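One file, entry_34.cif, carrying mmCIF, C-alpha atoms:
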```
data_coords
#
loop_
_atom_site.label_atom_id
_atom_site.label_comp_id
_atom_site.auth_asym_id
_atom_site.auth_seq_id
_atom_site.Cartn_x
_atom_site.Cartn_y
_atom_site.Cartn_z
CA MET K 1 58.94 171.79 119.76
CA TYR K 2 56.86 173.11 122.66
CA VAL K 3 56.29 170.87 125.68
CA TRP K 4 52.76 169.82 124.53
CA ALA K 5 54.20 168.28 121.38
CA ARG K 6 56.87 166.55 123.47
CA LEU K 7 54.19 165.26 125.82
CA ALA K 8 52.21 163.91 122.85
CA ARG K 9 55.31 162.22 121.42
CA MET K 10 55.99 160.60 124.80
CA ALA K 11 52.40 159.35 125.06
CA LEU K 12 52.42 157.97 121.51
CA THR K 13 55.66 156.06 122.11
CA ALA K 14 54.93 154.85 125.66
CA LYS K 15 53.87 151.32 124.63
CA ARG K 16 57.09 150.85 122.68
CA ARG K 17 59.11 151.55 125.84
CA GLY K 18 57.14 148.89 127.76
CA ARG K 19 55.58 148.82 131.20
CA TYR K 20 57.37 150.81 133.91
CA ARG K 21 58.41 148.77 136.93
CA MET K 22 59.61 150.20 140.21
CA GLY K 23 63.37 150.48 140.27
CA GLU K 24 63.63 151.04 136.52
CA GLU K 25 64.31 154.29 134.67
CA SER K 26 62.25 156.32 132.25
CA ARG K 27 64.63 157.62 129.57
CA LEU K 28 63.39 160.31 127.18
CA THR K 29 65.60 162.00 124.58
CA PHE K 30 65.18 165.68 123.70
CA ARG K 31 67.02 168.39 121.81
CA CYS K 32 67.39 171.94 123.14
CA LEU K 33 65.36 174.05 120.72
CA PRO K 34 65.08 177.84 120.24
CA THR K 35 61.79 177.77 122.22
CA ASP K 36 63.69 176.29 125.20
CA ILE K 37 66.46 178.83 125.63
CA ASP K 38 67.06 181.95 127.67
CA THR K 39 69.30 184.93 126.87
CA ASN K 40 72.39 182.78 127.55
CA LEU K 41 71.37 180.46 124.68
CA HIS K 42 70.95 177.46 126.94
CA LEU K 43 67.99 175.52 128.35
CA ASN K 44 66.13 177.86 130.69
CA ASN K 45 65.34 176.87 134.25
CA ALA K 46 61.56 176.65 133.72
CA ARG K 47 61.97 174.20 130.84
CA TYR K 48 63.84 171.79 133.12
CA MET K 49 60.71 171.56 135.30
CA MET K 50 58.42 171.06 132.29
CA LEU K 51 60.59 168.27 130.90
CA ALA K 52 60.79 166.64 134.34
CA ASP K 53 56.96 166.65 134.21
CA VAL K 54 57.08 164.76 130.92
CA GLY K 55 59.38 162.15 132.51
CA ARG K 56 57.10 161.84 135.53
CA ILE K 57 53.98 161.48 133.36
CA ASP K 58 55.78 158.81 131.32
CA ILE K 59 56.27 156.81 134.53
CA PHE K 60 52.63 157.36 135.57
CA MET K 61 51.33 156.21 132.18
CA ARG K 62 53.59 153.19 131.79
CA ALA K 63 53.05 152.03 135.39
CA GLY K 64 49.26 152.15 134.92
CA LEU K 65 48.79 154.87 137.52
CA LEU K 66 46.94 157.36 135.29
CA GLY K 67 44.27 154.81 134.34
CA LEU K 68 43.87 153.65 137.93
CA ALA K 69 43.68 157.26 139.12
CA ARG K 70 40.92 158.09 136.62
CA GLN K 71 38.91 155.03 137.68
CA ASN K 72 39.14 155.89 141.39
CA GLY K 73 38.94 159.67 141.51
CA TRP K 74 42.60 160.12 142.39
CA ALA K 75 45.17 162.60 141.14
CA PRO K 76 48.97 162.54 141.31
CA MET K 77 50.05 165.87 142.80
CA MET K 78 53.45 167.46 143.19
CA GLY K 79 54.47 168.50 146.67
CA GLY K 80 57.67 170.28 145.78
CA LEU K 81 61.03 170.03 144.13
CA GLN K 82 64.63 171.04 144.37
CA ALA K 83 66.85 171.54 141.34
CA VAL K 84 70.58 171.93 140.91
CA TYR K 85 72.27 172.92 137.66
CA VAL K 86 75.88 171.85 137.15
CA ARG K 87 76.39 172.07 133.36
CA GLU K 88 74.52 173.93 130.68
CA ILE K 89 72.51 172.39 127.89
CA ARG K 90 73.29 174.54 124.86
CA LEU K 91 71.01 175.31 121.93
CA TRP K 92 70.56 172.34 119.51
CA LYS K 93 72.28 169.85 121.84
CA LYS K 94 70.67 166.48 122.51
CA PHE K 95 70.12 165.29 126.08
CA GLU K 96 68.17 162.70 128.02
CA VAL K 97 65.85 163.09 130.97
CA VAL K 98 66.28 160.01 133.16
CA SER K 99 63.40 159.79 135.64
CA THR K 100 63.03 157.37 138.54
CA VAL K 101 60.85 156.65 141.54
CA GLU K 102 63.47 156.51 144.27
CA THR K 103 61.46 155.51 147.35
CA TRP K 104 58.40 156.46 149.38
CA GLU K 105 57.25 156.96 152.95
CA ASP K 106 53.65 157.16 154.10
CA THR K 107 51.92 159.44 151.57
CA GLN K 108 55.01 160.86 149.84
CA VAL K 109 57.00 159.57 146.87
CA ILE K 110 60.53 160.78 146.21
CA GLY K 111 61.37 161.05 142.51
CA ARG K 112 64.50 162.01 140.66
CA HIS K 113 65.06 163.49 137.21
CA ARG K 114 68.59 163.59 135.88
CA PHE K 115 69.35 165.63 132.76
CA VAL K 116 72.15 163.82 130.96
CA LEU K 117 74.35 165.24 128.21
CA GLU K 118 75.41 163.14 125.20
CA ASP K 119 78.79 162.44 126.84
CA GLY K 120 77.05 160.93 129.90
CA ARG K 121 77.68 163.82 132.29
CA THR K 122 74.86 165.21 134.40
CA ALA K 123 73.72 168.72 133.49
CA ALA K 124 71.05 169.05 136.19
CA LEU K 125 69.33 167.05 138.89
CA VAL K 126 65.76 167.59 140.06
CA MET K 127 64.42 165.86 143.17
CA THR K 128 60.68 165.82 143.69
CA THR K 129 58.15 164.88 146.31
CA ALA K 130 54.63 163.97 145.29
CA GLY K 131 51.58 162.11 146.45
CA ILE K 132 48.30 160.64 145.22
CA TYR K 133 45.26 162.66 146.28
CA ASP K 134 41.97 160.82 146.76
CA PHE K 135 39.19 163.31 146.01
CA GLY K 136 36.52 161.03 147.51
CA ASN K 137 38.24 160.87 150.90
CA ARG K 138 39.76 164.36 150.63
CA SER K 139 43.18 163.09 151.66
CA PHE K 140 46.46 161.80 150.32
CA MET K 141 46.75 158.05 150.00
CA GLN K 142 49.29 155.75 151.58
CA ILE K 143 51.73 154.97 148.77
CA ASP K 144 51.95 151.31 149.81
CA GLU K 145 48.20 151.04 149.06
CA VAL K 146 48.65 152.65 145.63
CA ILE K 147 51.56 150.31 144.82
CA GLY K 148 49.43 147.34 145.88
CA ARG K 149 46.54 148.50 143.70
CA LEU K 150 48.99 148.61 140.79
CA GLY K 151 49.64 144.91 141.45
CA HIS K 152 53.07 145.20 143.06
CA ARG K 153 54.38 143.89 146.37
CA ILE K 154 57.42 146.07 146.90
CA THR K 155 59.05 147.30 150.06
CA PRO K 156 60.59 150.74 149.58
CA ARG K 157 64.23 151.19 150.48
CA PRO K 158 65.01 153.58 153.34
CA PRO K 159 65.62 157.18 152.20
CA THR K 160 69.25 158.15 151.68
CA GLU K 161 70.79 160.93 153.74
CA ALA K 162 70.32 163.34 150.82
CA GLU K 163 66.64 162.34 150.51
CA LYS K 164 66.10 162.83 154.26
CA ILE K 165 67.63 166.31 154.04
CA PHE K 166 65.46 167.12 151.01
CA MET K 167 62.27 165.95 152.74
CA ALA K 168 63.09 167.82 155.96
CA SER K 169 63.83 171.02 154.02
CA HIS K 170 60.65 170.55 151.99
CA GLY K 171 58.60 170.05 155.16
CA ARG K 172 59.94 173.19 156.81
CA LEU K 173 59.42 175.29 153.68
CA ARG K 174 55.87 173.93 153.36
CA GLU K 175 55.12 174.95 156.96
CA LEU K 176 56.46 178.42 156.25
CA ALA K 177 54.31 178.73 153.13
CA LYS K 178 51.18 177.75 155.04
CA GLN K 179 51.79 180.53 157.57
CA GLY K 180 51.65 183.26 154.92
#
```

Could you take the file, read its structure, and then write that structure out as structure tokens?
Amino acid sequence: MYVWARLARMALTAKRRGRYRMGEESRLTFRCLPTDIDTNLHLNNARYMMLADVGRIDIFMRAGLLGLARQNGWAPMMGGLQAVYVREIRLWKKFEVVSTVETWEDTQVIGRHRFVLEDGRTAALVMTTAGIYDFGNRSFMQIDEVIGRLGHRITPRPPTEAEKIFMASHGRLRELAKQG
């Protein structure tokens, strides 16, 4: 099943999974299909990113962010990601994508997508940074403001050492990209 069908299935079942609350997980189950594999007969690296998108959109929908964004002329936008692969997901095998909002600082949210095999072991981990762009003001929003507009009063936890390293690496790579 191509990613559009998976996205539709996620959207159609979102209400059944309930409202997303900060600190919770989005858990989506998939099976590695022939359209997902590379020449090694396992999930190809691009498909990991697409399925992480589905997990992220599930959080956006269930938290109410997509509706709020449409009403206000905002758009969630990816800043970057880092992926590590530690075990393969073979053809026909079931797995889960467990997505979370880890924390945020200023205008950036740190997310995590863990690809979990049926035996509970992690196959891959994708860390992301994203923000909410306000087209009217032509700038990224403070995440605390977005969280407040969603009706929450939450203080983010401080970034872990791994998250600080990720954000620093992301910032330097972004600067390099802007130079070219």

Counting only C-alpha atoms, the residue among K:Lys15, K:Asp144, K:Ala5, K:Ala130 that lies closest to Gly79 of chain K is K:Ala130

Best match for closeness to Asp134 of chain K among K:Thr13, K:Thr29, K:Thr122, K:Gln71, counting all atoms listed in the file |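 When distances to Asp134 of chain K are compared using all atoms listed in the file, the smallest one comes from K:Gln71.
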
In Å to one decimal, how far is atom CA of Glu24 of chain K from atom CA of Lys93 of chain K?
-> 25.4 Å

What residues come out when you apply the PyMOL selection byres ((chain K and resi 143) around 10) to this file, written as a list in words?
-> Thr103, Trp104, Glu105, Asp106, Thr107, Gln108, Val109, Gly131, Ile132, Phe140, Met141, Gln142, Asp144, Glu145, Val146, Ile147, Gly148, Arg149 and Pro156 of chain K

Just the residues within 12 Å of Val84 of chain K, please, counting only C-alpha atoms, with nothing from its chain fewer than 3 positions along; format it as a PDB file with C-alpha atoms, in the frame of the given file.
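Everything below was put into result25.pdb:
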```pdb
ATOM      1  CA  ASN K  45      65.340 176.870 134.250  1.00  0.00           C
ATOM      2  CA  TYR K  48      63.840 171.790 133.120  1.00  0.00           C
ATOM      3  CA  MET K  49      60.710 171.560 135.300  1.00  0.00           C
ATOM      4  CA  LEU K  81      61.030 170.030 144.130  1.00  0.00           C
ATOM      5  CA  ARG K  87      76.390 172.070 133.360  1.00  0.00           C
ATOM      6  CA  GLU K  88      74.520 173.930 130.680  1.00  0.00           C
ATOM      7  CA  ARG K 112      64.500 162.010 140.660  1.00  0.00           C
ATOM      8  CA  HIS K 113      65.060 163.490 137.210  1.00  0.00           C
ATOM      9  CA  ARG K 114      68.590 163.590 135.880  1.00  0.00           C
ATOM     10  CA  PHE K 115      69.350 165.630 132.760  1.00  0.00           C
ATOM     11  CA  THR K 122      74.860 165.210 134.400  1.00  0.00           C
ATOM     12  CA  ALA K 123      73.720 168.720 133.490  1.00  0.00           C
ATOM     13  CA  ALA K 124      71.050 169.050 136.190  1.00  0.00           C
ATOM     14  CA  LEU K 125      69.330 167.050 138.890  1.00  0.00           C
ATOM     15  CA  VAL K 126      65.760 167.590 140.060  1.00  0.00           C
ATOM     16  CA  MET K 127      64.420 165.860 143.170  1.00  0.00           C
ATOM     17  CA  THR K 128      60.680 165.820 143.690  1.00  0.00           C
TER      18      THR K 128
END
```

For Pro34 of chain K, which residue out of K:Trp74, K:Phe166, K:Tyr20, K:Trp92 is the nearest one, using all atoms listed in the file?
->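 Comparing K:Trp74, K:Phe166, K:Tyr20, K:Trp92 against Pro34 of chain K, the winner is K:Trp92.
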
Check the smallest atom-to-atom distance from each of K:Leu176, K:Leu91, K:Ile154, K:Val101 to Gly55 of chain K using only C-alpha atoms, then report the winner.
-> K:Val101
